[in-house]
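Asks: What follows is data17.cif, made up of mmCIF, C-alpha atoms:
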```cif
data_run
#
loop_
_atom_site.label_atom_id
_atom_site.label_comp_id
_atom_site.auth_asym_id
_atom_site.auth_seq_id
_atom_site.Cartn_x
_atom_site.Cartn_y
_atom_site.Cartn_z
CA MET U 1 83.49 127.49 145.95
CA ASN U 2 83.15 129.06 142.53
CA ARG U 3 86.08 128.87 140.15
CA PRO U 4 87.61 132.32 139.65
CA LEU U 5 86.74 133.79 136.28
CA ASP U 6 89.03 136.13 134.39
CA THR U 7 87.42 138.02 131.54
CA SER U 8 90.55 139.79 130.32
CA PRO U 9 91.62 138.86 126.78
CA PHE U 10 94.29 136.22 126.41
CA ASN U 11 97.66 137.40 125.13
CA PHE U 12 97.95 135.37 121.94
CA GLU U 13 100.81 137.57 120.77
CA GLU U 14 103.00 136.31 123.57
CA PHE U 15 101.93 132.73 122.94
CA VAL U 16 102.71 132.92 119.21
CA SER U 17 106.05 134.65 119.82
CA SER U 18 107.18 132.05 122.30
CA HIS U 19 106.30 129.14 119.96
CA ILE U 20 107.24 130.53 116.54
CA GLN U 21 110.39 128.40 116.45
CA THR U 22 108.31 125.24 116.95
CA PRO U 23 105.81 125.65 114.10
CA ASP U 24 104.38 122.14 114.50
CA ARG U 25 103.13 123.16 117.96
CA LEU U 26 101.50 126.29 116.62
CA ASN U 27 100.01 124.33 113.74
CA VAL U 28 98.41 121.68 115.92
CA THR U 29 97.00 124.42 118.16
CA LEU U 30 95.61 126.31 115.17
CA LYS U 31 93.99 123.15 113.84
CA TYR U 32 92.47 122.39 117.23
CA TYR U 33 90.98 125.88 117.48
CA ALA U 34 89.43 125.55 114.03
CA ASP U 35 88.37 121.92 113.81
CA VAL U 36 87.56 120.94 117.36
CA LEU U 37 86.65 124.17 119.12
CA GLY U 38 85.29 126.03 116.08
CA ASN U 39 86.81 129.13 117.60
CA TRP U 40 87.26 131.04 114.36
CA ILE U 41 87.98 134.42 115.95
CA ASP U 42 90.95 133.18 117.93
CA ALA U 43 92.13 130.97 115.06
CA ASP U 44 92.16 133.99 112.73
CA ARG U 45 93.89 136.07 115.38
CA MET U 46 96.61 133.45 115.73
CA ALA U 47 97.02 133.11 111.96
CA ASN U 48 97.51 136.87 111.60
CA LEU U 49 99.98 136.98 114.46
CA ILE U 50 101.90 134.12 112.86
CA LEU U 51 102.03 135.97 109.54
CA ASN U 52 103.31 139.07 111.33
CA ARG U 53 106.34 136.96 112.20
CA LYS U 54 106.70 135.24 108.83
CA GLU U 55 110.37 136.22 108.46
CA ILE U 56 111.35 134.15 111.47
CA ILE U 57 109.29 131.05 110.76
CA PRO U 58 111.73 128.15 110.34
CA ASP U 59 112.51 127.29 106.74
CA ASN U 60 111.44 123.64 106.92
CA ASP U 61 108.41 121.39 106.27
CA GLN U 62 106.85 122.27 109.64
CA GLY U 63 107.15 125.98 108.89
CA ALA U 64 105.66 125.45 105.41
CA GLU U 65 102.81 123.40 106.84
CA LEU U 66 102.00 126.11 109.36
CA LEU U 67 101.94 128.74 106.61
CA SER U 68 99.72 126.54 104.45
CA SER U 69 97.28 126.13 107.35
CA CYS U 70 97.23 129.89 107.88
CA GLY U 71 96.59 130.37 104.15
CA ASN U 72 93.71 127.88 104.15
CA LEU U 73 92.21 129.46 107.23
CA LEU U 74 92.44 133.05 106.00
CA ALA U 75 91.24 132.12 102.50
CA HIS U 76 87.87 131.12 104.02
CA THR U 77 87.02 134.74 104.70
CA GLY U 78 88.60 136.18 101.57
CA ASP U 79 91.43 137.72 103.57
CA PRO U 80 94.08 138.76 100.99
CA ARG U 81 96.81 137.86 103.47
CA CYS U 82 96.17 134.25 102.48
CA ARG U 83 98.23 135.04 99.35
CA ASP U 84 101.24 135.97 101.54
CA ALA U 85 100.90 132.76 103.50
CA TYR U 86 100.56 130.55 100.42
CA ASN U 87 103.38 132.25 98.50
CA LEU U 88 105.80 131.95 101.38
CA ALA U 89 104.79 128.31 101.92
CA LEU U 90 105.35 127.72 98.22
CA GLU U 91 108.93 128.97 98.55
CA ILE U 92 109.63 126.65 101.46
CA TRP U 93 107.88 123.41 100.46
CA GLU U 94 110.12 120.79 98.87
CA ASN U 95 107.47 118.05 98.79
CA PRO U 96 106.19 117.82 95.15
CA TYR U 97 102.54 117.29 96.12
CA GLN U 98 102.62 120.16 98.59
CA LYS U 99 104.16 122.42 95.94
CA PHE U 100 101.27 121.63 93.59
CA THR U 101 98.51 121.83 96.14
CA THR U 102 99.72 125.16 97.55
CA GLN U 103 99.70 126.69 94.07
CA PHE U 104 96.29 125.09 93.47
CA ARG U 105 94.93 126.59 96.71
CA ILE U 106 95.95 130.05 95.48
CA ALA U 107 93.80 129.49 92.38
CA VAL U 108 90.95 128.21 94.60
CA ALA U 109 91.18 131.31 96.77
CA GLU U 110 91.29 133.63 93.74
CA ILE U 111 88.20 132.02 92.18
CA LYS U 112 86.13 131.42 95.27
CA ARG U 113 86.93 134.25 97.61
CA LEU U 114 89.30 137.05 96.62
CA ASN U 115 87.14 138.82 94.03
CA GLN U 116 89.95 140.05 91.81
CA PRO U 117 89.01 138.57 88.41
CA LYS U 118 92.23 139.76 86.78
CA ALA U 119 94.27 137.49 89.04
CA ILE U 120 92.36 134.33 88.09
CA PRO U 121 93.87 133.42 84.66
CA GLU U 122 97.42 133.71 86.02
CA ALA U 123 96.57 131.60 89.05
CA ILE U 124 95.07 128.88 86.83
CA LYS U 125 98.04 129.00 84.45
CA LYS U 126 100.46 128.59 87.34
CA SER U 127 98.41 125.68 88.67
CA TYR U 128 98.75 123.84 85.35
CA GLN U 129 102.51 124.49 85.44
CA ALA U 130 102.60 123.17 89.00
CA ALA U 131 100.68 120.06 87.93
CA ILE U 132 103.28 119.34 85.24
CA GLU U 133 106.12 120.00 87.67
CA PHE U 134 104.48 117.65 90.21
CA GLY U 135 104.51 114.73 87.74
CA ASN U 136 108.03 115.58 86.57
CA ARG U 137 109.34 115.56 90.12
CA THR U 138 107.63 112.26 91.05
CA LYS U 139 108.34 110.80 87.57
CA ASN U 140 104.68 109.83 87.50
CA SER U 141 102.48 111.18 84.70
CA SER U 142 99.37 110.06 86.63
CA ASP U 143 100.11 112.73 89.24
CA THR U 144 100.02 115.39 86.52
CA LYS U 145 96.89 114.00 84.88
CA PHE U 146 94.98 113.74 88.16
CA SER U 147 96.07 117.24 89.18
CA LYS U 148 94.88 118.62 85.85
CA GLY U 149 91.51 117.01 86.62
CA LEU U 150 91.35 118.95 89.87
CA ILE U 151 92.09 122.18 88.02
CA LYS U 152 89.40 121.41 85.41
CA ASN U 153 86.92 120.91 88.25
CA LEU U 154 87.90 124.29 89.65
CA GLU U 155 87.58 125.91 86.20
CA ALA U 156 84.01 124.57 86.05
CA LEU U 157 83.25 126.56 89.17
CA PHE U 158 84.79 129.64 87.58
CA TYR U 159 82.56 129.19 84.50
CA ILE U 160 79.47 128.72 86.66
CA LYS U 161 80.27 131.89 88.56
CA SER U 162 80.74 133.77 85.28
CA LYS U 163 77.45 132.30 83.95
CA GLN U 164 79.08 130.25 81.17
CA LEU U 165 77.13 127.08 81.88
CA ASP U 166 78.03 125.19 78.69
CA LYS U 167 81.73 125.70 79.31
CA ALA U 168 81.24 124.62 82.92
CA GLY U 169 79.65 121.37 81.74
CA GLU U 170 82.53 120.68 79.34
CA SER U 171 85.09 121.44 82.00
CA ILE U 172 83.62 119.20 84.67
CA LYS U 173 83.23 116.35 82.18
CA GLU U 174 86.90 116.76 81.26
CA ALA U 175 87.76 116.69 84.97
CA LEU U 176 85.92 113.43 85.38
CA ASP U 177 87.57 111.92 82.29
CA LEU U 178 91.02 112.90 83.55
CA ILE U 179 90.68 111.40 87.02
CA SER U 180 88.46 108.39 86.40
CA ASP U 181 90.85 105.88 84.88
CA ILE U 182 93.71 106.48 87.32
CA PRO U 183 93.75 104.08 90.25
CA SER U 184 94.57 105.80 93.54
CA SER U 185 97.37 103.26 94.02
CA ASN U 186 99.15 104.89 91.05
CA LEU U 187 99.15 108.32 92.66
CA THR U 188 101.57 110.01 95.01
CA ILE U 189 98.58 111.76 96.60
CA ILE U 190 97.38 109.72 99.57
CA PRO U 191 94.14 107.78 98.93
CA GLY U 192 92.19 109.60 101.67
CA ILE U 193 92.71 112.87 99.77
CA SER U 194 92.45 111.54 96.21
CA TYR U 195 89.12 109.82 96.94
CA ARG U 196 87.80 112.94 98.61
CA TYR U 197 88.62 114.88 95.44
CA ARG U 198 87.05 112.19 93.24
CA LEU U 199 83.86 112.40 95.29
CA GLN U 200 83.78 116.19 95.11
CA ILE U 201 84.02 116.02 91.32
CA LEU U 202 81.27 113.38 91.09
CA GLU U 203 79.04 115.39 93.42
CA ASN U 204 79.59 118.53 91.35
CA TYR U 205 78.87 116.63 88.14
CA GLY U 206 75.66 115.20 89.63
CA LEU U 207 74.57 118.64 90.76
CA TYR U 208 75.36 120.11 87.36
CA ALA U 209 73.40 117.35 85.57
CA GLY U 210 70.43 117.81 87.90
CA MET U 211 70.30 121.56 87.47
CA THR U 212 70.89 121.78 83.74
CA SER U 213 69.42 118.53 82.39
CA SER U 214 67.22 116.37 84.61
CA TRP U 215 67.52 114.87 88.05
CA LYS U 216 66.99 111.40 86.53
CA ASP U 217 70.29 111.93 84.67
CA ALA U 218 71.99 112.82 87.95
CA LEU U 219 71.01 109.59 89.70
CA PRO U 220 73.60 107.23 88.12
CA ILE U 221 76.32 109.75 88.97
CA TYR U 222 75.30 109.83 92.62
CA ARG U 223 75.07 106.02 92.66
CA GLN U 224 78.67 105.91 91.48
CA ALA U 225 79.63 108.35 94.25
CA LEU U 226 77.76 106.24 96.79
CA THR U 227 79.59 103.06 95.81
CA MET U 228 82.92 104.87 95.89
CA SER U 229 82.22 106.37 99.27
CA ARG U 230 81.16 103.05 100.81
CA GLU U 231 84.25 101.32 99.47
CA HIS U 232 86.93 103.96 99.81
CA HIS U 233 85.86 107.04 101.75
CA PRO U 234 83.33 106.37 104.53
CA GLU U 235 83.98 109.87 105.96
CA SER U 236 82.01 111.27 103.00
CA LEU U 237 79.17 108.73 103.13
CA ALA U 238 76.63 110.83 105.04
CA GLU U 239 77.16 113.78 102.69
CA VAL U 240 76.82 111.61 99.56
CA LEU U 241 73.66 109.95 100.92
CA ALA U 242 72.14 113.36 101.62
CA MET U 243 72.88 114.60 98.09
CA TYR U 244 71.61 111.36 96.52
CA GLY U 245 68.47 111.54 98.67
CA TYR U 246 67.84 115.09 97.49
CA ALA U 247 68.32 114.07 93.85
CA LEU U 248 65.90 111.13 94.31
CA ILE U 249 63.20 113.43 95.70
CA GLN U 250 63.71 115.81 92.77
CA ALA U 251 63.45 112.83 90.38
CA LYS U 252 60.17 111.78 92.08
CA GLU U 253 61.65 108.55 93.38
CA SER U 254 60.71 109.24 96.96
CA ARG U 255 60.45 105.65 98.20
CA GLU U 256 64.13 105.08 97.49
CA ALA U 257 64.90 108.56 98.84
CA ILE U 258 63.45 107.57 102.22
CA GLU U 259 65.72 104.57 102.51
CA VAL U 260 68.76 106.64 101.58
CA LEU U 261 67.88 109.56 103.86
CA LEU U 262 67.22 107.34 106.88
CA GLU U 263 70.79 106.08 106.60
CA ALA U 264 72.07 109.66 106.26
CA GLU U 265 70.07 110.70 109.31
CA GLU U 266 71.58 107.95 111.41
CA LEU U 267 75.12 108.81 110.33
CA PHE U 268 74.77 112.57 110.84
CA SER U 269 73.16 112.04 114.26
CA GLN U 270 76.20 110.12 115.39
CA ASP U 271 78.62 112.86 114.46
CA ILE U 272 79.09 116.56 115.07
CA TRP U 273 77.24 117.73 111.95
CA ILE U 274 74.27 118.91 113.96
CA ASP U 275 73.08 121.43 111.39
CA LYS U 276 72.75 118.69 108.78
CA VAL U 277 70.30 116.64 110.88
CA PRO U 278 67.37 119.09 110.55
CA GLN U 279 68.00 119.30 106.79
CA ILE U 280 67.60 115.51 106.56
CA HIS U 281 64.46 115.64 108.73
CA LYS U 282 62.97 118.19 106.35
CA MET U 283 63.74 116.02 103.31
CA LEU U 284 62.24 112.97 105.03
CA ALA U 285 59.05 114.89 105.78
CA VAL U 286 58.82 115.87 102.08
CA ALA U 287 59.59 112.34 100.83
CA TYR U 288 56.94 110.72 103.07
CA ASP U 289 54.44 113.37 101.99
CA ASP U 290 55.25 112.54 98.35
CA ILE U 291 54.26 108.90 98.85
CA GLY U 292 51.12 109.85 100.79
CA ASN U 293 52.30 108.71 104.22
CA ASN U 294 51.02 111.65 106.24
CA GLU U 295 51.70 110.02 109.59
CA ARG U 296 55.45 109.61 108.95
CA SER U 297 55.65 112.99 107.28
CA LEU U 298 54.21 114.61 110.41
CA PHE U 299 56.57 112.57 112.59
CA TRP U 300 59.62 114.05 110.82
CA LEU U 301 58.10 117.52 110.76
CA GLU U 302 57.61 117.37 114.52
CA LYS U 303 61.21 116.22 114.93
CA LEU U 304 62.31 119.13 112.80
CA MET U 305 60.35 121.57 114.95
CA ASN U 306 61.59 120.04 118.19
CA GLN U 307 65.16 120.18 116.92
CA SER U 308 65.02 123.94 116.63
CA GLU U 309 63.77 124.25 120.21
CA LEU U 310 66.26 121.88 121.86
CA THR U 311 69.97 122.12 122.37
CA PRO U 312 71.72 120.21 119.59
CA THR U 313 73.29 117.74 122.02
CA LEU U 314 70.07 115.84 122.69
CA MET W 315 106.01 117.67 119.89
CA HIS W 316 104.66 114.17 119.50
CA ILE W 317 104.42 113.53 123.18
CA PHE W 318 101.24 111.95 124.41
CA TYR W 319 100.24 110.59 127.74
CA PRO W 320 97.86 107.71 128.47
CA PHE W 321 94.23 108.61 128.88
CA PHE W 322 91.37 106.17 129.58
CA ASP W 323 88.44 106.76 127.22
CA LYS W 324 85.51 105.59 129.34
CA GLU W 325 83.01 105.80 126.48
CA ARG W 326 84.91 103.25 124.47
CA GLY W 327 86.58 101.50 127.39
CA ILE W 328 90.04 101.77 125.90
CA MET W 329 93.30 103.50 126.67
CA GLU W 330 94.11 106.35 124.33
CA ASN W 331 96.79 108.96 124.01
CA LYS W 332 95.97 112.43 125.16
CA PRO W 333 97.79 115.19 123.32
CA SER W 334 100.45 117.09 125.18
CA PHE W 335 99.44 120.36 123.52
CA ILE W 336 96.24 120.30 125.58
CA GLU W 337 98.51 121.35 128.43
CA PHE W 338 99.24 124.70 126.78
CA ASN W 339 98.07 127.69 128.76
CA LEU W 340 95.39 128.73 126.28
CA PRO W 341 91.86 129.89 127.10
CA SER W 342 89.71 127.12 125.67
CA PHE W 343 92.23 124.44 126.49
CA SER W 344 91.63 124.98 130.20
CA ILE W 345 87.98 124.05 129.64
CA VAL W 346 88.97 121.02 127.55
CA ARG W 347 91.28 119.79 130.31
CA TYR W 348 88.60 120.32 132.92
CA LEU W 349 86.00 118.45 130.86
CA LEU W 350 88.33 115.54 130.14
CA ASN W 351 89.27 115.23 133.78
CA ASN W 352 85.89 115.80 135.42
CA HIS W 353 82.98 114.95 133.14
CA GLN W 354 83.88 111.65 131.51
CA ASN W 355 80.87 109.85 132.94
CA SER W 356 78.20 112.44 132.48
CA ASP W 357 75.19 111.45 130.38
CA LYS W 358 74.38 115.10 129.61
CA LYS W 359 76.49 115.19 126.49
CA HIS W 360 76.56 113.89 122.94
CA PRO W 361 77.94 110.32 122.85
CA MET W 362 80.82 111.46 120.63
CA PHE W 363 81.79 114.49 122.68
CA MET W 364 84.73 113.16 124.67
CA SER W 365 86.20 111.37 121.65
CA PHE W 366 85.70 114.61 119.72
CA LEU W 367 87.91 116.47 122.17
CA THR W 368 90.83 114.18 121.43
CA ARG W 369 90.00 113.77 117.75
CA GLY W 370 92.75 114.55 115.32
CA VAL W 371 95.34 113.15 117.65
CA THR W 372 94.63 109.45 117.37
CA ASP W 373 92.95 109.61 113.96
CA LYS W 374 95.66 110.49 111.46
CA ASN W 375 93.15 111.07 108.66
CA TYR W 376 91.12 113.60 110.61
CA TYR W 377 93.00 116.71 109.58
CA ASN W 378 93.27 115.55 105.97
CA ALA W 379 89.72 116.74 105.42
CA SER W 380 89.57 119.50 107.96
CA PHE W 381 89.01 123.25 107.86
CA THR W 382 92.74 123.81 107.64
CA SER W 383 93.41 121.07 105.08
CA ASP W 384 94.13 121.57 101.41
CA LEU W 385 90.57 120.43 100.69
CA GLY W 386 89.43 123.82 101.90
CA LEU W 387 86.11 123.07 103.57
CA ARG W 388 83.73 125.93 104.09
CA ARG W 389 83.62 127.42 107.55
CA SER W 390 80.72 126.13 109.53
CA ASP W 391 79.14 126.87 112.88
CA GLU W 392 78.87 123.19 113.66
CA PRO W 393 82.11 122.59 115.57
CA THR W 394 81.48 125.85 117.45
CA LYS W 395 77.95 124.86 118.43
CA PHE W 396 78.93 121.28 119.20
CA PHE W 397 81.70 122.33 121.57
CA MET W 398 79.82 125.20 123.20
CA ASN W 399 76.52 123.43 123.71
CA ASN W 400 78.06 120.29 125.13
CA SER W 401 80.41 122.27 127.37
CA ILE W 402 77.61 124.45 128.70
CA ASN W 403 75.41 121.42 129.31
CA LEU W 404 78.16 119.85 131.38
CA LEU W 405 79.33 122.95 133.21
CA HIS W 406 76.19 124.86 134.06
CA ASN W 407 75.37 122.62 137.02
CA ASP W 408 79.01 122.21 138.01
CA GLU W 409 79.46 124.10 141.26
CA GLN W 410 82.95 125.20 140.24
CA PHE W 411 81.49 126.87 137.18
CA MET W 412 78.23 128.30 138.54
CA GLY W 413 77.14 131.24 136.42
CA ILE W 414 78.99 130.23 133.27
CA ASN W 415 77.20 130.86 130.00
CA SER W 416 78.10 131.13 126.34
CA THR W 417 79.54 134.62 126.79
CA THR W 418 81.87 133.71 129.63
CA ARG W 419 85.53 133.55 128.83
CA LEU W 420 87.69 131.41 131.07
CA LEU W 421 91.39 131.47 131.63
#
```
Could you quickly redo this structure as structure tokens?
Replies:
Amino acid sequence: MNRPLDTSPFNFEEFVSSHIQTPDRLNVTLKYYADVLGNWIDADRMANLILNRKEIIPDNDQGAELLSSCGNLLAHTGDPRCRDAYNLALEIWENPYQKFTTQFRIAVAEIKRLNQPKAIPEAIKKSYQAAIEFGNRTKNSSDTKFSKGLIKNLEALFYIKSKQLDKAGESIKEALDLISDIPSSNLTIIPGISYRYRLQILENYGLYAGMTSSWKDALPIYRQALTMSREHHPESLAEVLAMYGYALIQAKESREAIEVLLEAEELFSQDIWIDKVPQIHKMLAVAYDDIGNNERSLFWLEKLMNQSELTPTL
Amino acid sequence: MHIFYPFFDKERGIMENKPSFIEFNLPSFSIVRYLLNNHQNSDKKHPMFMSFLTRGVTDKNYYNASFTSDLGLRRSDEPTKFFMNNSINLLHNDEQFMGINSTTRLL
């Protein structure tokens, strides 16, 4: 017998209302909708319904965490309500790192998504103040220094977007200088997050070097990222390998690129990043073609073509 | 909130903790429950799919670099496609779900 189907929309309003006093439940549900189900429409709907009830969200860490999640989610699409979520979270958070990172996320949203250039300088200024406050609260100057590195990295993006490439280069180099000599064990930020940020900065620096100087100059930077990822952040390994492989092809070192990209292909195939797999197949086809191995180049081209015809689960 | 109940992960052959929030009466959660309870052994899915459905519960680092984390990843279609394609693969020959497709909404 067929299972009865009901096509009427689910009443998320009722669900949110009945769980608003247990924000950790709403937060875990929101995260599941975004990260596991990829159901962005319902995740956005829930985030907006939560913000409609912001006055009654409990004034505790769980409430602040829920608001931060809503802010991060809404910032993706440039929804100005992310400011409301972040600002309210900022009022509630007591945790020094969360205070800094919430202020920092406002600057990220202003630069990346909200398209109101006048708001950017103030958001950056407040982020620097929050970085200083972070270190003062933890009595750890490394927290401030590392946080300033993150802001410098963000400023580089701002300069790139405003076509000030020289300033972008200076800023990202400063970011790297600020974060490089601080061991993660000296930071209040947990290593899983601090290493992820370190890798993002290295990747950005490699990309900047490749695009403005030469891809040969980018290679040592990506090698550093690769070593760091293998040792400290395996979750980023596939991504770093893919970027390094791309840089190697650009630098005409396609034999090494093949070795690197084969490892990336294996890692991406084992995870959910199904859109990345065809990109790696394409790069492998190019790299084999570069070294004159037509047979292997065709093999990866055929895989690439088959990939687009099959369901991504196969 | 941190209430889990034992759940045997057949892919890895180990006992895990299934999240209690999966029991919420929410649209997609009913599909997740059905898949966890009825399609553990199917070979018509990605090898990571069942672990993916309970991801973030047993792996404390998972949400540190997620779409809702302070690292602010870009939105991507990948989790959407991964969930939908695997679910449809498993359910389209399931006699309880005959006729389901990517536009069907279940309660």
Asks: Pick from U:Glu253, U:Asp42, U:Glu203, U:Asp271: nearest to chain W, with all atoms listed in the file counted?
Replies: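 The answer is U:Asp271, which sits nearest to chain W.
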Asks: Report the residues retrieved by the PyMOL selection byres ((chain U and resi 73-87) around 9) from the displayed file, expressed as number ranges by chain.
Replies: U: 34, 40, 43-44, 47-48, 51, 54, 64, 66-72, 88-92, 102-103, 105-106, 108-110, 112-115; W: 381-383, 386-389
Asks: Write a file of the just-selected residues containing C-alpha atoms, as a PDB file, in the coordinates of the input.
Replies:
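So again_10.pdb came out as:
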```pdb
ATOM      1  CA  ALA U  34      89.430 125.550 114.030  1.00  0.00           C
ATOM      2  CA  TRP U  40      87.260 131.040 114.360  1.00  0.00           C
ATOM      3  CA  ALA U  43      92.130 130.970 115.060  1.00  0.00           C
ATOM      4  CA  ASP U  44      92.160 133.990 112.730  1.00  0.00           C
ATOM      5  CA  ALA U  47      97.020 133.110 111.960  1.00  0.00           C
ATOM      6  CA  ASN U  48      97.510 136.870 111.600  1.00  0.00           C
ATOM      7  CA  LEU U  51     102.030 135.970 109.540  1.00  0.00           C
ATOM      8  CA  LYS U  54     106.700 135.240 108.830  1.00  0.00           C
ATOM      9  CA  ALA U  64     105.660 125.450 105.410  1.00  0.00           C
ATOM     10  CA  LEU U  66     102.000 126.110 109.360  1.00  0.00           C
ATOM     11  CA  LEU U  67     101.940 128.740 106.610  1.00  0.00           C
ATOM     12  CA  SER U  68      99.720 126.540 104.450  1.00  0.00           C
ATOM     13  CA  SER U  69      97.280 126.130 107.350  1.00  0.00           C
ATOM     14  CA  CYS U  70      97.230 129.890 107.880  1.00  0.00           C
ATOM     15  CA  GLY U  71      96.590 130.370 104.150  1.00  0.00           C
ATOM     16  CA  ASN U  72      93.710 127.880 104.150  1.00  0.00           C
ATOM     17  CA  LEU U  88     105.800 131.950 101.380  1.00  0.00           C
ATOM     18  CA  ALA U  89     104.790 128.310 101.920  1.00  0.00           C
ATOM     19  CA  LEU U  90     105.350 127.720  98.220  1.00  0.00           C
ATOM     20  CA  GLU U  91     108.930 128.970  98.550  1.00  0.00           C
ATOM     21  CA  ILE U  92     109.630 126.650 101.460  1.00  0.00           C
ATOM     22  CA  THR U 102      99.720 125.160  97.550  1.00  0.00           C
ATOM     23  CA  GLN U 103      99.700 126.690  94.070  1.00  0.00           C
ATOM     24  CA  ARG U 105      94.930 126.590  96.710  1.00  0.00           C
ATOM     25  CA  ILE U 106      95.950 130.050  95.480  1.00  0.00           C
ATOM     26  CA  VAL U 108      90.950 128.210  94.600  1.00  0.00           C
ATOM     27  CA  ALA U 109      91.180 131.310  96.770  1.00  0.00           C
ATOM     28  CA  GLU U 110      91.290 133.630  93.740  1.00  0.00           C
ATOM     29  CA  LYS U 112      86.130 131.420  95.270  1.00  0.00           C
ATOM     30  CA  ARG U 113      86.930 134.250  97.610  1.00  0.00           C
ATOM     31  CA  LEU U 114      89.300 137.050  96.620  1.00  0.00           C
ATOM     32  CA  ASN U 115      87.140 138.820  94.030  1.00  0.00           C
TER      33      ASN U 115
ATOM     34  CA  PHE W 381      89.010 123.250 107.860  1.00  0.00           C
ATOM     35  CA  THR W 382      92.740 123.810 107.640  1.00  0.00           C
ATOM     36  CA  SER W 383      93.410 121.070 105.080  1.00  0.00           C
ATOM     37  CA  GLY W 386      89.430 123.820 101.900  1.00  0.00           C
ATOM     38  CA  LEU W 387      86.110 123.070 103.570  1.00  0.00           C
ATOM     39  CA  ARG W 388      83.730 125.930 104.090  1.00  0.00           C
ATOM     40  CA  ARG W 389      83.620 127.420 107.550  1.00  0.00           C
TER      41      ARG W 389
END
```
Asks: Can you work out the spacing between atom CA of Lys276 of chain U and atom CA of Asn204 of chain U in Å, to one decimal?
Replies: 18.7 Å
Asks: Please return the centre and edge lengths, in Å to one decimal, of a box with edges along x, y and z that contains all listed atoms of segment 390-399 of chain W, widened by 8 Å on every side, as JSON.
Replies:
```
{"center_x": 79.3, "center_y": 124.1, "center_z": 116.6, "size_x": 21.6, "size_y": 21.6, "size_z": 30.2}
```
Asks: Give me, please, the distance in Å between atom CA of Ser142 of chain U and atom CA of Asn186 of chain U, quoted to one decimal.
Replies: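 We find that atom CA of Ser142 of chain U and atom CA of Asn186 of chain U lie 6.8 Å from each other.
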Asks: If we count only C-alpha atoms, what is near Leu340 of chain W at a cut-off of 12 Å, once residues fewer than 5 positions away on the same chain are taken out, given as a ChimeraX atom specification?
Replies: /U:9-16,26,29-30,32-33,42-43,46 /W:335,345-347,419-421
Asks: For the point (78.3, 115.4, 134.1) in the file's frame, write as JSON, numbers by chain all residues with an atom no more than 10 Å away, counting all atoms listed in the file.
Replies: {"W": [349, 352, 353, 354, 355, 356, 357, 358, 359, 401, 403, 404, 405, 406, 407, 408]}
Asks: Given the choices U:Ala107, U:Ile132, U:Ala225, U:Leu261, which gets closest to chain W if the distance is worked out from all atoms listed in the file?
Replies: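 So, comparing all the options, the nearest one is U:Ala107.
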Asks: Under the rule that all atoms listed in the file are counted, which of U:Phe100, U:Tyr246, U:Tyr205, U:Trp300 is the nearest residue to chain W?
Replies: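 Closest to chain W of all the choices is U:Phe100.
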Asks: Return the single residue from U:Ala209, U:Ile57, U:Met283, U:Leu219 that is closest to Leu165 of chain U, with distances computed using only C-alpha atoms.
Replies: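 Residue with the minimum atom-to-atom distance to Leu165 of chain U: U:Ala209.
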